[in-house]
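Chemist: Contents of data39.cif (mmCIF, C-alpha atoms) are given next:
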data_final
#
loop_
_atom_site.label_atom_id
_atom_site.label_comp_id
_atom_site.auth_asym_id
_atom_site.auth_seq_id
_atom_site.Cartn_x
_atom_site.Cartn_y
_atom_site.Cartn_z
CA MET A 1 28.23 4.18 -7.07
CA GLY A 2 28.01 0.48 -6.21
CA ALA A 3 24.82 -1.55 -6.18
CA LEU A 4 21.86 0.49 -4.84
CA ALA A 5 18.83 -0.94 -3.06
CA PHE A 6 15.24 -0.52 -4.24
CA VAL A 7 13.30 -1.71 -1.19
CA THR A 8 9.67 -2.86 -1.05
CA GLY A 9 7.41 -4.21 1.66
CA PRO A 10 6.37 -7.87 2.07
CA VAL A 11 5.32 -8.62 -1.51
CA HIS A 12 5.96 -11.86 -3.43
CA LEU A 13 7.92 -13.48 -0.62
CA ASP A 14 8.35 -16.71 -2.55
CA GLU A 15 10.53 -18.25 -5.26
CA GLU A 16 8.56 -16.48 -7.98
CA GLY A 17 9.21 -13.24 -6.13
CA ASP A 18 12.95 -13.90 -6.16
CA ASP A 19 12.82 -14.12 -9.95
CA LEU A 20 10.66 -11.00 -10.24
CA ARG A 21 13.01 -9.01 -8.00
CA ALA A 22 16.04 -10.09 -10.01
CA ASP A 23 14.35 -9.24 -13.32
CA LEU A 24 13.03 -5.88 -12.11
CA GLY A 25 16.43 -4.97 -10.69
CA SER A 26 18.03 -5.76 -14.03
CA ALA A 27 15.41 -3.75 -15.97
CA LEU A 28 15.70 -0.73 -13.66
CA SER A 29 19.49 -0.87 -13.79
CA GLU A 30 19.30 -0.56 -17.55
CA ALA A 31 16.64 2.18 -17.44
CA LEU A 32 18.37 4.30 -14.78
CA GLY A 33 21.97 3.70 -15.76
CA ALA A 34 22.84 2.46 -12.26
CA SER A 35 23.19 -0.91 -10.57
CA ILE A 36 19.86 -1.55 -8.80
CA VAL A 37 19.06 -4.49 -6.53
CA VAL A 38 15.39 -5.00 -5.58
CA GLU A 39 14.84 -6.27 -2.04
CA SER A 40 11.60 -6.99 -0.13
CA GLU A 41 11.41 -6.59 3.62
CA ARG A 42 9.30 -9.07 5.56
CA SER A 43 7.27 -6.39 7.34
CA TYR A 44 6.23 -2.78 6.84
CA THR A 45 7.90 -1.92 10.13
CA ALA A 46 11.23 -3.14 8.77
CA LEU A 47 10.62 -1.22 5.53
CA ARG A 48 9.89 1.99 7.45
CA ASP A 49 12.96 1.63 9.64
CA ARG A 50 15.22 0.98 6.69
CA VAL A 51 14.01 3.98 4.72
CA ILE A 52 14.18 6.33 7.69
CA ALA A 53 17.72 5.06 8.35
CA ARG A 54 18.49 6.13 4.75
CA ASP A 55 19.50 2.60 3.82
CA ALA A 56 17.69 2.64 0.48
CA ALA A 57 18.26 4.62 -2.69
CA LEU A 58 14.73 3.82 -3.87
CA ALA A 59 11.71 2.51 -2.00
CA TRP A 60 8.16 1.48 -2.84
CA LEU A 61 6.15 2.88 0.06
CA PRO A 62 2.50 2.68 1.05
CA PRO A 63 1.13 6.20 1.59
CA GLY A 64 1.34 6.08 5.38
CA LEU A 65 4.99 5.09 5.32
CA PHE A 66 5.70 7.78 2.75
CA VAL A 67 4.31 10.43 5.09
CA ARG A 68 6.42 9.11 7.96
CA ALA A 69 9.56 9.01 5.79
CA HIS A 70 8.91 12.53 4.51
CA GLU A 71 8.36 13.84 8.03
CA ALA A 72 11.70 12.27 8.99
CA GLY A 73 13.49 14.00 6.09
CA ALA A 74 14.37 10.65 4.48
CA VAL A 75 12.76 11.33 1.08
CA GLY A 76 14.38 13.35 -1.70
CA GLY A 77 11.78 12.79 -4.44
CA VAL A 78 8.49 11.01 -4.99
CA MET A 79 6.69 9.35 -7.88
CA ARG A 80 3.04 8.23 -7.67
CA ALA A 81 2.24 4.68 -8.70
CA GLU A 82 -0.77 4.76 -10.99
CA ARG A 83 -2.94 1.74 -11.67
CA PHE A 84 -5.31 1.10 -14.57
CA ALA A 85 -7.42 4.04 -15.67
CA GLY A 86 -10.37 4.85 -13.45
CA ALA A 87 -9.36 2.59 -10.56
CA ARG A 88 -10.20 3.93 -7.13
CA TYR A 89 -8.06 2.56 -4.34
CA GLN A 90 -9.86 2.36 -0.99
CA GLY A 91 -9.74 0.51 2.30
CA ALA A 92 -12.43 -1.84 3.55
CA ILE A 93 -13.42 -3.86 6.56
CA PHE A 94 -14.60 -7.23 5.27
CA VAL A 95 -16.14 -10.44 6.56
CA ARG A 96 -16.92 -13.91 5.26
CA ASP A 97 -20.12 -14.18 3.22
CA GLY A 98 -21.85 -16.13 5.98
CA SER A 99 -21.31 -13.39 8.55
CA SER A 100 -24.32 -11.59 10.00
CA ALA A 101 -22.51 -8.23 9.73
CA THR A 102 -23.96 -5.92 7.07
CA ARG A 103 -23.37 -2.48 8.66
CA ALA A 104 -20.59 -0.83 10.62
CA GLU A 105 -22.59 -1.21 13.84
CA ASP A 106 -22.69 -4.99 13.34
CA LEU A 107 -18.90 -5.20 13.75
CA ARG A 108 -19.13 -4.39 17.46
CA GLY A 109 -17.49 -7.04 19.62
CA MET A 110 -15.90 -8.88 16.69
CA ARG A 111 -12.27 -9.90 16.50
CA VAL A 112 -10.54 -7.89 13.77
CA ALA A 113 -7.23 -8.24 11.94
CA TRP A 114 -5.37 -5.16 10.69
CA VAL A 115 -2.28 -4.98 8.50
CA ASP A 116 -0.15 -2.37 10.27
CA ARG A 117 -0.77 0.91 12.09
CA ASP A 118 0.78 2.79 9.15
CA SER A 119 -1.26 0.93 6.51
CA CYS A 120 -3.84 3.19 4.84
CA ALA A 121 -6.06 0.46 3.38
CA GLY A 122 -5.34 -2.02 6.15
CA TYR A 123 -5.87 0.30 9.13
CA LEU A 124 -6.02 4.10 8.88
CA PHE A 125 -8.74 4.73 6.29
CA PRO A 126 -11.11 1.91 7.40
CA ARG A 127 -10.96 3.38 10.91
CA LEU A 128 -11.80 6.81 9.50
CA ALA A 129 -14.73 5.18 7.68
CA LEU A 130 -15.98 3.72 10.97
CA ARG A 131 -15.85 7.16 12.57
CA ASP A 132 -17.83 8.55 9.61
CA CYS A 133 -20.49 5.90 10.37
CA GLY A 134 -20.65 7.00 14.00
CA VAL A 135 -18.70 4.01 15.33
CA ASP A 136 -15.68 4.56 17.59
CA PRO A 137 -12.95 2.21 16.28
CA ASP A 138 -11.21 2.24 19.65
CA ALA A 139 -14.30 0.83 21.38
CA CYS A 140 -15.77 -1.26 18.57
CA PHE A 141 -13.92 -4.56 18.53
CA GLY A 142 -13.58 -7.42 20.96
CA SER A 143 -9.91 -7.89 20.03
CA GLU A 144 -7.45 -6.51 17.49
CA THR A 145 -4.54 -8.29 15.78
CA PHE A 146 -1.81 -6.88 13.53
CA THR A 147 -0.51 -9.23 10.84
CA ASP A 148 1.99 -7.11 8.83
CA SER A 149 0.49 -8.08 5.46
CA HIS A 150 -2.80 -8.01 3.55
CA ALA A 151 -2.43 -11.71 2.70
CA ARG A 152 -2.19 -12.65 6.38
CA VAL A 153 -5.27 -10.54 7.19
CA VAL A 154 -7.21 -12.43 4.52
CA ALA A 155 -5.91 -15.76 5.83
CA ALA A 156 -6.97 -14.86 9.38
CA VAL A 157 -10.54 -14.09 8.26
CA ALA A 158 -10.71 -17.15 6.03
CA SER A 159 -9.57 -19.47 8.83
CA GLY A 160 -11.99 -18.03 11.38
CA ALA A 161 -9.19 -16.79 13.61
CA VAL A 162 -10.96 -13.41 13.38
CA GLU A 163 -14.42 -12.39 12.20
CA ALA A 164 -13.35 -9.25 10.30
CA GLY A 165 -10.29 -7.82 8.61
CA ALA A 166 -9.11 -4.72 6.77
CA THR A 167 -7.59 -4.67 3.30
CA TYR A 168 -7.64 -2.79 -0.02
CA VAL A 169 -10.41 -2.70 -2.62
CA GLN A 170 -10.86 -1.09 -6.02
CA LEU A 171 -14.27 -0.22 -7.43
CA SER A 172 -15.07 -1.55 -10.89
CA ASP A 173 -16.70 1.79 -11.74
CA PRO A 174 -15.65 4.76 -9.56
CA GLU A 175 -18.68 6.75 -10.66
CA ARG A 176 -21.13 3.96 -9.87
CA PRO A 177 -20.13 2.27 -6.58
CA SER A 178 -23.06 -0.15 -6.78
CA ARG A 179 -21.31 -1.90 -9.69
CA GLY A 180 -19.09 -3.68 -7.16
CA LEU A 181 -15.39 -4.38 -6.83
CA ALA A 182 -12.82 -4.81 -9.58
CA ILE A 183 -10.32 -6.26 -7.13
CA ALA A 184 -9.91 -6.72 -3.40
CA GLY A 185 -7.27 -8.05 -1.05
CA TRP A 186 -8.97 -11.43 -0.99
CA THR A 187 -9.54 -11.98 -4.74
CA ALA A 188 -6.04 -13.35 -5.33
CA PHE A 189 -6.88 -16.40 -3.21
CA ALA A 190 -9.31 -18.84 -4.84
CA GLU A 191 -10.33 -20.39 -1.52
CA THR A 192 -11.20 -17.02 0.06
CA ARG A 193 -13.28 -15.31 -2.62
CA SER A 194 -16.48 -15.69 -0.59
CA MET A 195 -15.84 -12.44 1.23
CA ARG A 196 -17.67 -9.11 1.20
CA ALA A 197 -16.98 -5.58 2.34
CA VAL A 198 -19.04 -4.14 5.20
CA VAL A 199 -17.40 -0.70 5.36
CA VAL A 200 -15.56 1.01 2.48
CA SER A 201 -13.41 4.08 3.05
CA ALA A 202 -12.82 7.23 1.06
CA SER A 203 -10.25 7.11 -1.74
CA ILE A 204 -6.62 6.68 -0.74
CA PRO A 205 -3.66 8.34 -2.48
CA SER A 206 -1.63 5.84 -4.47
CA ASP A 207 1.57 4.16 -3.31
CA ALA A 208 4.78 6.11 -3.74
CA VAL A 209 8.12 5.29 -5.31
CA CYS A 210 10.56 7.38 -3.34
CA ILE A 211 14.11 8.42 -4.01
CA GLY A 212 16.10 8.49 -0.80
CA ALA A 213 17.40 11.76 0.59
CA SER A 214 20.93 10.35 0.41
CA VAL A 215 20.81 10.27 -3.42
CA PRO A 216 22.60 13.34 -4.87
CA ASP A 217 20.32 16.03 -6.32
CA GLU A 218 21.59 15.69 -9.87
CA VAL A 219 21.01 11.92 -9.80
CA ARG A 220 17.54 12.36 -8.27
CA VAL A 221 16.45 14.75 -11.05
CA ARG A 222 17.73 12.37 -13.71
CA TRP A 223 16.03 9.36 -12.12
CA ILE A 224 12.67 11.12 -11.87
CA GLU A 225 12.71 11.78 -15.61
CA LYS A 226 13.77 8.22 -16.38
CA LEU A 227 11.16 6.69 -14.06
CA ARG A 228 8.51 8.91 -15.61
CA ALA A 229 9.29 7.39 -19.02
CA ALA A 230 9.93 3.84 -17.78
CA HIS A 231 6.39 2.57 -18.47
CA ALA A 232 7.12 3.01 -22.20
CA LEU A 233 9.80 0.32 -21.91
CA PRO A 234 7.95 -3.01 -22.36
CA ARG A 235 10.18 -4.96 -19.99
CA VAL A 236 10.01 -2.39 -17.18
CA SER A 237 6.27 -1.93 -17.66
CA ARG A 238 5.59 -5.67 -17.48
CA LEU A 239 7.70 -6.12 -14.35
CA LEU A 240 6.28 -3.08 -12.53
CA ARG A 241 2.81 -4.50 -13.09
CA ALA A 242 3.78 -8.05 -12.10
CA MET A 243 5.79 -7.10 -9.04
CA LEU A 244 4.00 -4.03 -7.73
CA GLY A 245 0.71 -3.71 -9.59
CA ALA A 246 1.48 -0.34 -11.21
CA ASP A 247 0.85 0.62 -14.82
CA ARG A 248 2.96 3.78 -14.73
CA LEU A 249 4.83 6.18 -12.47
CA ALA A 250 3.96 9.89 -12.40
CA PRO A 251 5.72 12.76 -10.62
CA GLY A 252 4.21 13.47 -7.22
CA THR A 253 4.51 15.94 -4.37
CA PRO A 254 4.13 15.58 -0.59
CA GLU A 255 0.87 17.56 -0.86
CA ASP A 256 -0.65 14.61 -2.75
CA TYR A 257 -0.56 12.73 0.56
CA ALA A 258 -2.21 15.38 2.76
CA PRO A 259 -5.27 13.12 3.44
CA VAL A 260 -2.92 10.44 4.72
CA ARG A 261 -1.19 12.87 7.04
CA GLU A 262 -4.60 13.87 8.39
CA ALA A 263 -5.47 10.19 8.97
CA LEU A 264 -2.26 9.67 10.91
CA LEU A 265 -2.98 12.77 12.96
CA ALA A 266 -6.47 11.44 13.74
CA GLU A 267 -4.87 8.30 15.16
CA GLY A 268 -2.41 10.33 17.23
CA ALA A 269 0.41 8.83 15.19
CA LEU A 270 1.95 12.16 14.13
CA ARG A 271 2.60 15.44 15.82
CA SER A 272 0.67 18.34 14.29
#
Will you turn the file into structure tokens for me?
Modeler:
Amino acid sequence: MGALAFVTGPVHLDEEGDDLRADLGSALSEALGASIVVESERSYTALRDRVIARDAALAWLPPGLFVRAHEAGAVGGVMRAERFAGARYQGAIFVRDGSSATRAEDLRGMRVAWVDRDSCAGYLFPRLALRDCGVDPDACFGSETFTDSHARVVAAVASGAVEAGATYVQLSDPERPSRGLAIAGWTAFAETRSMRAVVVSASIPSDAVCIGASVPDEVRVRWIEKLRAAHALPRVSRLLRAMLGADRLAPGTPEDYAPVREALLAEGALRS
């Protein structure tokens, strides 16, 4: 086989990202015994289309895109990306600290920025959380904008282009939610840390590293075992964390993503 693509969404789209992609591709090539090139698409829509077209041997997919790719028969194997122990990955609708919004009901009439219609943290699960609060997400907001990235959602809220946005959060103590957030979509930006969550969703299944359906079965089985052990390799472990925020990869199944499929069904985005 020639060089094979490991495709991600719009992460680290800068010069530092170019170096990270090159280093991770080199490390994975050594770990998997194949020539791997890491590439980042500029939108989740482009990522989805490329995976469904079977133009990727490996792909780092948000849960919603994994479900779509699996439904399309484009996935031959899946690994779950696991973050630091105890982290709970959720979606949230957030506002600037000076906002008057403190409850879901207070978001009515506001302009909101979402990531993408397939984004669990940036769209699907926050909308489910609104429904759980008795607020119809289809009738709640004055306007809705899709930005294609968490960073652009944060920038839109920070600039005042919108009053609210949706992104990911992780609780500092999953058993004691009142302890606050360990990390959120806005904490990477020093000038936008004065944000707070108004609505927090249920837990979201972790991102998936998928092996494309075009990869031969014997190669897929071998890669799953090698990826499972990759976190023990210091170079791979460091680059997975730096590039994609994962501490390790664990074998997964499509059933792990059943809540995501249900969220897509609730939005009318999948056929039952």
Chemist: Could you tell me which residues the PyMOL selection byres ((chain A and resi 228) around 12) grabs in this file, written as a VMD selection string?
Modeler: chain A and resid 31 to 32 78 to 82 209 221 to 227 229 to 233 236 to 237 247 to 252
Chemist: Step by step, work through what the PyMOL selection byres ((chain A and resi 183) around 8) selects in the shown file, and finish by giving those residues as a list in words.
Modeler: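 Applying the PyMOL selection byres ((chain A and resi 183) around 8) to the structure shown produces Val169, Gln170, Leu171, Ser172, Leu181, Ala182, Ala184, Gly185 and Thr187 of chain A.
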Chemist: Counting all atoms listed in the file, which residue out of A:Gly77, A:Gly212, A:Gly25, A:Pro137 sits closest to Leu239 of chain A?
Modeler: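 The shortest atom-to-atom distance to Leu239 of chain A comes from A:Gly25.
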Chemist: Give, as JSON, the centre coordinates and the x, y and z edge lengths in Å to one decimal for an axis-aligned box around all listed atoms of segment 9-25 of chain A, padded by 4 Å on each side.
Modeler:
{"center_x": 10.9, "center_y": -11.2, "center_z": -5.6, "size_x": 19.1, "size_y": 22.0, "size_z": 23.4}
Chemist: Which residues would end up in the selection if the PyMOL selection byres ((chain A and resi 166) around 8) were applied here, given that I need the answer as a list in words?
Modeler: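 When the PyMOL selection byres ((chain A and resi 166) around 8) is applied, the selected residues are Gly91, Ala92, Ile93, Phe94, Val112, Ala113, Trp114, Val115, Ala121, Gly122, Tyr123, Pro126, His150, Val153, Ala164, Gly165, Thr167 and Tyr168 of chain A.
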Chemist: Env of segment 45-49 of chain A: 12 Å cut, atoms = only C-alpha atoms, seq-sep filter 3 positions within chain, self excluded. Answer as a ChimeraX atom specification.
Modeler: /A:5-11,39-42,52-56,58-72,74-75,115-119,146-149
Chemist: Would you save the residues from that selection as a PDB file, keeping the file's coordinate frame, using C-alpha atoms?
Modeler:
ATOM      1  CA  ALA A   5      18.830  -0.940  -3.060  1.00  0.00           C
ATOM      2  CA  PHE A   6      15.240  -0.520  -4.240  1.00  0.00           C
ATOM      3  CA  VAL A   7      13.300  -1.710  -1.190  1.00  0.00           C
ATOM      4  CA  THR A   8       9.670  -2.860  -1.050  1.00  0.00           C
ATOM      5  CA  GLY A   9       7.410  -4.210   1.660  1.00  0.00           C
ATOM      6  CA  PRO A  10       6.370  -7.870   2.070  1.00  0.00           C
ATOM      7  CA  VAL A  11       5.320  -8.620  -1.510  1.00  0.00           C
ATOM      8  CA  GLU A  39      14.840  -6.270  -2.040  1.00  0.00           C
ATOM      9  CA  SER A  40      11.600  -6.990  -0.130  1.00  0.00           C
ATOM     10  CA  GLU A  41      11.410  -6.590   3.620  1.00  0.00           C
ATOM     11  CA  ARG A  42       9.300  -9.070   5.560  1.00  0.00           C
ATOM     12  CA  ILE A  52      14.180   6.330   7.690  1.00  0.00           C
ATOM     13  CA  ALA A  53      17.720   5.060   8.350  1.00  0.00           C
ATOM     14  CA  ARG A  54      18.490   6.130   4.750  1.00  0.00           C
ATOM     15  CA  ASP A  55      19.500   2.600   3.820  1.00  0.00           C
ATOM     16  CA  ALA A  56      17.690   2.640   0.480  1.00  0.00           C
ATOM     17  CA  LEU A  58      14.730   3.820  -3.870  1.00  0.00           C
ATOM     18  CA  ALA A  59      11.710   2.510  -2.000  1.00  0.00           C
ATOM     19  CA  TRP A  60       8.160   1.480  -2.840  1.00  0.00           C
ATOM     20  CA  LEU A  61       6.150   2.880   0.060  1.00  0.00           C
ATOM     21  CA  PRO A  62       2.500   2.680   1.050  1.00  0.00           C
ATOM     22  CA  PRO A  63       1.130   6.200   1.590  1.00  0.00           C
ATOM     23  CA  GLY A  64       1.340   6.080   5.380  1.00  0.00           C
ATOM     24  CA  LEU A  65       4.990   5.090   5.320  1.00  0.00           C
ATOM     25  CA  PHE A  66       5.700   7.780   2.750  1.00  0.00           C
ATOM     26  CA  VAL A  67       4.310  10.430   5.090  1.00  0.00           C
ATOM     27  CA  ARG A  68       6.420   9.110   7.960  1.00  0.00           C
ATOM     28  CA  ALA A  69       9.560   9.010   5.790  1.00  0.00           C
ATOM     29  CA  HIS A  70       8.910  12.530   4.510  1.00  0.00           C
ATOM     30  CA  GLU A  71       8.360  13.840   8.030  1.00  0.00           C
ATOM     31  CA  ALA A  72      11.700  12.270   8.990  1.00  0.00           C
ATOM     32  CA  ALA A  74      14.370  10.650   4.480  1.00  0.00           C
ATOM     33  CA  VAL A  75      12.760  11.330   1.080  1.00  0.00           C
ATOM     34  CA  VAL A 115      -2.280  -4.980   8.500  1.00  0.00           C
ATOM     35  CA  ASP A 116      -0.150  -2.370  10.270  1.00  0.00           C
ATOM     36  CA  ARG A 117      -0.770   0.910  12.090  1.00  0.00           C
ATOM     37  CA  ASP A 118       0.780   2.790   9.150  1.00  0.00           C
ATOM     38  CA  SER A 119      -1.260   0.930   6.510  1.00  0.00           C
ATOM     39  CA  PHE A 146      -1.810  -6.880  13.530  1.00  0.00           C
ATOM     40  CA  THR A 147      -0.510  -9.230  10.840  1.00  0.00           C
ATOM     41  CA  ASP A 148       1.990  -7.110   8.830  1.00  0.00           C
ATOM     42  CA  SER A 149       0.490  -8.080   5.460  1.00  0.00           C
TER      43      SER A 149
END
Chemist: One number please: atom CA of Leu4 of chain A to atom CA of Cys120 of chain A, in Å, one decimal.
Modeler: 27.6 Å
Chemist: Against segment 13-17 of chain A, which residues of segment 215-270 of chain A fall within 12 Å? For each one I want the closest pair of atoms and the distance in Å (one decimal), counting all atoms listed in the file, rows by chain and increasing residue number, as a Markdown table.
Modeler:
| residue | atom | partner | partner_atom | distance |
| --- | --- | --- | --- | --- |
| A:Leu239 | CA | A:Gly17 | CA | 11.0 |
| A:Ala242 | CA | A:Gly17 | CA | 9.6 |
| A:Met243 | CA | A:Gly17 | CA | 7.6 |
| A:Leu244 | CA | A:Gly17 | CA | 10.7 |
Chemist: Which one is closest to Asp106 of chain A: A:Ala129, A:Ile204, A:Val38, A:Val198? Count only C-alpha atoms.
Modeler: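 So, comparing all the options, the nearest one is A:Val198.
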Chemist: Work out how far apart atom CA of Leu24 of chain A and atom CA of Ile211 of chain A are and give it in Å to one decimal.
Modeler: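 Taking atom CA of Leu24 of chain A and atom CA of Ile211 of chain A, their separation equals 16.5 Å.
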Chemist: Any idea what the distance is between atom CA of Ile36 of chain A and atom CA of Gly245 of chain A?
Modeler: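 Atom CA of Gly245 of chain A lies at a distance of 19.3 Å from atom CA of Ile36 of chain A.
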Chemist: Residues at most 12 Å from Val135 of chain A, counting all atoms listed in the file, excluding those fewer than 5 positions away in the same chain, as a list of chain:residue names?
Modeler: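 Everything that qualifies: A:Arg103, A:Ala104, A:Glu105, A:Asp106, A:Leu107, A:Arg108, A:Gly109, A:Pro126, A:Arg127, A:Leu128, A:Ala129, A:Leu130, A:Cys140, A:Phe141, A:Val199.
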Chemist: Those residues with C-alpha atoms, as a PDB file, in the frame of the given file please?
Modeler:
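And here's selection25.pdb as it stands now:
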ATOM      1  CA  ARG A 103     -23.370  -2.480   8.660  1.00  0.00           C
ATOM      2  CA  ALA A 104     -20.590  -0.830  10.620  1.00  0.00           C
ATOM      3  CA  GLU A 105     -22.590  -1.210  13.840  1.00  0.00           C
ATOM      4  CA  ASP A 106     -22.690  -4.990  13.340  1.00  0.00           C
ATOM      5  CA  LEU A 107     -18.900  -5.200  13.750  1.00  0.00           C
ATOM      6  CA  ARG A 108     -19.130  -4.390  17.460  1.00  0.00           C
ATOM      7  CA  GLY A 109     -17.490  -7.040  19.620  1.00  0.00           C
ATOM      8  CA  PRO A 126     -11.110   1.910   7.400  1.00  0.00           C
ATOM      9  CA  ARG A 127     -10.960   3.380  10.910  1.00  0.00           C
ATOM     10  CA  LEU A 128     -11.800   6.810   9.500  1.00  0.00           C
ATOM     11  CA  ALA A 129     -14.730   5.180   7.680  1.00  0.00           C
ATOM     12  CA  LEU A 130     -15.980   3.720  10.970  1.00  0.00           C
ATOM     13  CA  CYS A 140     -15.770  -1.260  18.570  1.00  0.00           C
ATOM     14  CA  PHE A 141     -13.920  -4.560  18.530  1.00  0.00           C
ATOM     15  CA  VAL A 199     -17.400  -0.700   5.360  1.00  0.00           C
TER      16      VAL A 199
END
Chemist: Which of these residues is nearest to Asp18 of chain A, using only C-alpha atoms: A:Ala156, A:Ala208, A:Val37, A:Ala3?
Modeler: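 Checking each candidate against Asp18 of chain A, we get A:Val37 as the closest.
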